[in-house]
Amino acid sequence: MGRLTAVPAGAESESVEEAARRVAPIFSGAHLTALRELRGETQAGTAAAAGITASALSQAERGRTVLSAANIAKIARYFEVSPGALAERREPRVEMEPQFRHLRRTPVRDRRKADRFIRAVARVASVLRDEVEFPEPFSLTWAIDPERHIDEVADEVERAAARARLELDLPKNKPVTKRLIESFEAGGITVVRDPEAGSDIDAFSAVVGQLPVIVLYGGEDAVWDRDNFNLAHELGHIVMHRGIDHTPGTRTVEAQAHRFAGAFLGPRKRLREELPRDLDWGRYFELKRRWGMSMAALVRRAKDLGVIDDATYTRAMKQQSAHGWRRVEPGVNDRPLPTPRHLSLARSKAQMTRRELADAAHLPVDVVRRILGPKRPKLID
């Protein structure tokens with residue numbers, strides 16, 4: 001099944017048809033659905049663009065019929081994949097389904113697209129791990145009952161966060177002085193940034209084939225302080241909710257991950273000593289720069305640690321809204337937005353082109369580009 005882009009036009013058509021005939025007996029409607037949802041497309045839109053009937057595509061996705069070799073070739077050309085991407089194959093087991101924070105307000109199509117994307121990330125990582133030596137996958141688990149209110153499990157969550165710091169080789173009671181993404185990647189967590197993630201999806205995570213994956217929001221309005229909190233929040237899911245049957249996005253599950261994030265970024269023993277007991281925004285701004293936490297996260301941490309009471313916390317939230325800080329705080333330009341590097345570096349060391357990696361992972365090359373991120377300019381040619 002040669003690469004589609006490496007053959008002359010006439011031979012390409014013949015090669016794709018031959019490959020499609022080999023795939024037809026083991027065609028998988030589920031993989032066709034996955035490719036379509038990965039692009040965020042409807043059945044009708046894909047069928048029209050690929051040049052097949054909507055009925056044929058719908059029946060094939062449901063497993064009621066098998067696409068003809070000719071239609072398999074059309075679908076493969078449309079998605080720019082080899083026909084082998086539509087063949088039945090064993091997929092890695094999902095240990096933790098994608099965790100979406102704003103489940104109710106995120107459109108179903110966006111959730112499905114994100115779900116398919118994080119599985120695609122795991123597939124790319126798996127291909128590269130066969131070629132390049134990576135750190136062992138992060139495996140710490142500290143199970144917390146997802147049904148229990150945060151007030152009942154707060155101490156356990158704090159201990160889980162402290163242990164996660166040790167596992168990632170971060171200082172016990174000091175601010176994180178280097179980029180969190182570097183620490184996560186070095187600790188065996190695959191991190192990517194998706195420019196096509198919906199604005200309601202700050203970040204999400206999953207564990208696929210024992211590999212923890214975190215996807216960060218990649219829009220132009222992404223900022224480093226939200227990044228830090230999002231990384232810590234998703235790490236909380238990986239540590240506390242991996243392998244546990246639960247519904248993502250519930251209030252209890254999210255409250256546990258929020259508390260974990262605060263505890264991970266700001267260990268209580270040390271941070272409690274530095275937090276102001278009033279709404280001294282100048283002091284909070286200093287602590288933001290020192291601890292790498294947003295002022296909103298620091299105020300919440302002050303409430304959780306009993307440094308301020310509920311009334312002061314409510315007043316703080318109102319003041320932040322009045323100042324226009326609820327989405328973008330002062331200091332967001334103090335640090336550049338960090339970039340995940342491991343997958344891009346691994347592709348380079350494996351000496352694989354993006355097309356070769358896409359073929360090996362059974363993915364469209366544009367999806368692989370999304371996963372790896374934009375090419376960085378070189379100082380020396």
# chains A, B, ... in the order shown; residues from 1 in each chain; ligands from 1

call {"tool": "closest_atom_pairs", "arguments": {"of": "segment 73-182 of chain A", "to": "segment 46-65 of chain A", "cutoff": "10 Å", "atoms": "only C-alpha atoms", "output": "tab-separated table"}}
result
residue	atom	partner	partner_atom	distance
A:Ala73	CA	A:Ala50	CA	9.5
A:Lys74	CA	A:Ala50	CA	5.8
A:Ile75	CA	A:Ala50	CA	5.7
A:Ala76	CA	A:Ala50	CA	8.7
A:Arg77	CA	A:Ala50	CA	7.8
A:Tyr78	CA	A:Ala50	CA	5.4
A:Phe79	CA	A:Ala50	CA	8.4

call {"tool": "closest_residue", "arguments": {"among": "A:Val299, A:Ile189, A:Ala197, A:Ala232", "to": "Leu271 of chain A", "atoms": "only C-alpha atoms"}}
result
A:Val299

call {"tool": "residues_around", "arguments": {"residues": "Pro338 of chain A", "least_positions_apart": "2", "cutoff": "8 Å", "atoms": "only C-alpha atoms", "output": "PyMOL selection string"}}
result
chain A and resi 179+181+224+336+340

call {"tool": "write_last_selection", "arguments": {"atoms": "N, CA and C atoms", "output": "mmCIF file, in the first residue's frame"}}
result
data_model
loop_
_atom_site.group_PDB
_atom_site.id
_atom_site.type_symbol
_atom_site.label_atom_id
_atom_site.label_comp_id
_atom_site.auth_asym_id
_atom_site.auth_seq_id
_atom_site.Cartn_x
_atom_site.Cartn_y
_atom_site.Cartn_z
ATOM 1 N N ARG A 179 9.111 25.077 32.760
ATOM 2 C CA ARG A 179 7.824 24.894 32.118
ATOM 3 C C ARG A 179 7.218 23.553 32.498
ATOM 4 N N ILE A 181 5.078 21.828 30.866
ATOM 5 C CA ILE A 181 5.005 20.892 29.744
ATOM 6 C C ILE A 181 6.271 20.041 29.673
ATOM 7 N N TRP A 224 -0.452 31.383 29.247
ATOM 8 C CA TRP A 224 0.359 30.448 30.019
ATOM 9 C C TRP A 224 -0.223 30.116 31.386
ATOM 10 N N PRO A 336 6.178 33.405 27.441
ATOM 11 C CA PRO A 336 5.678 32.894 26.152
ATOM 12 C C PRO A 336 4.826 31.656 26.378
ATOM 13 N N PRO A 340 4.587 22.007 23.273
ATOM 14 C CA PRO A 340 5.003 20.602 23.413
ATOM 15 C C PRO A 340 6.055 20.263 22.357
#

call {"tool": "residues_around", "arguments": {"residues": "Glu182 of chain A", "least_positions_apart": "3", "cutoff": "12 Å", "atoms": "only C-alpha atoms", "output": "list of chain:residue names"}}
result
A:Leu168, A:Asp169, A:Leu170, A:Val176, A:Thr177, A:Lys178, A:Arg179, A:Glu185, A:Ala186, A:Gly187, A:Gly188, A:Ile189, A:Thr190, A:Val191, A:Val192, A:Asn228, A:Leu231, A:Pro338, A:Thr339, A:Pro340, A:Arg341, A:His342

call {"tool": "residues_around", "arguments": {"residues": "Tyr284 of chain A", "least_positions_apart": "6", "cutoff": "8 Å", "atoms": "only C-alpha atoms", "output": "PDB file with N, CA and C atoms, in the first residue's frame"}}
result
ATOM      1  N   LEU A 275       0.192  33.494  51.310  1.00  0.00           N
ATOM      2  CA  LEU A 275      -1.058  34.072  50.823  1.00  0.00           C
ATOM      3  C   LEU A 275      -1.526  35.212  51.724  1.00  0.00           C
ATOM      4  N   PRO A 276      -1.971  36.332  51.154  1.00  0.00           N
ATOM      5  CA  PRO A 276      -2.479  37.448  51.969  1.00  0.00           C
ATOM      6  C   PRO A 276      -3.847  37.113  52.556  1.00  0.00           C
ATOM      7  N   MET A 295      -4.131  34.522  39.318  1.00  0.00           N
ATOM      8  CA  MET A 295      -4.626  35.130  40.552  1.00  0.00           C
ATOM      9  C   MET A 295      -5.946  34.483  40.976  1.00  0.00           C
ATOM     10  N   LEU A 298      -5.053  31.389  42.763  1.00  0.00           N
ATOM     11  CA  LEU A 298      -4.472  31.699  44.072  1.00  0.00           C
ATOM     12  C   LEU A 298      -5.555  32.090  45.082  1.00  0.00           C
ATOM     13  N   VAL A 299      -6.539  32.872  44.619  1.00  0.00           N
ATOM     14  CA  VAL A 299      -7.635  33.258  45.510  1.00  0.00           C
ATOM     15  C   VAL A 299      -8.429  32.016  45.917  1.00  0.00           C
TER      16      VAL A 299
END
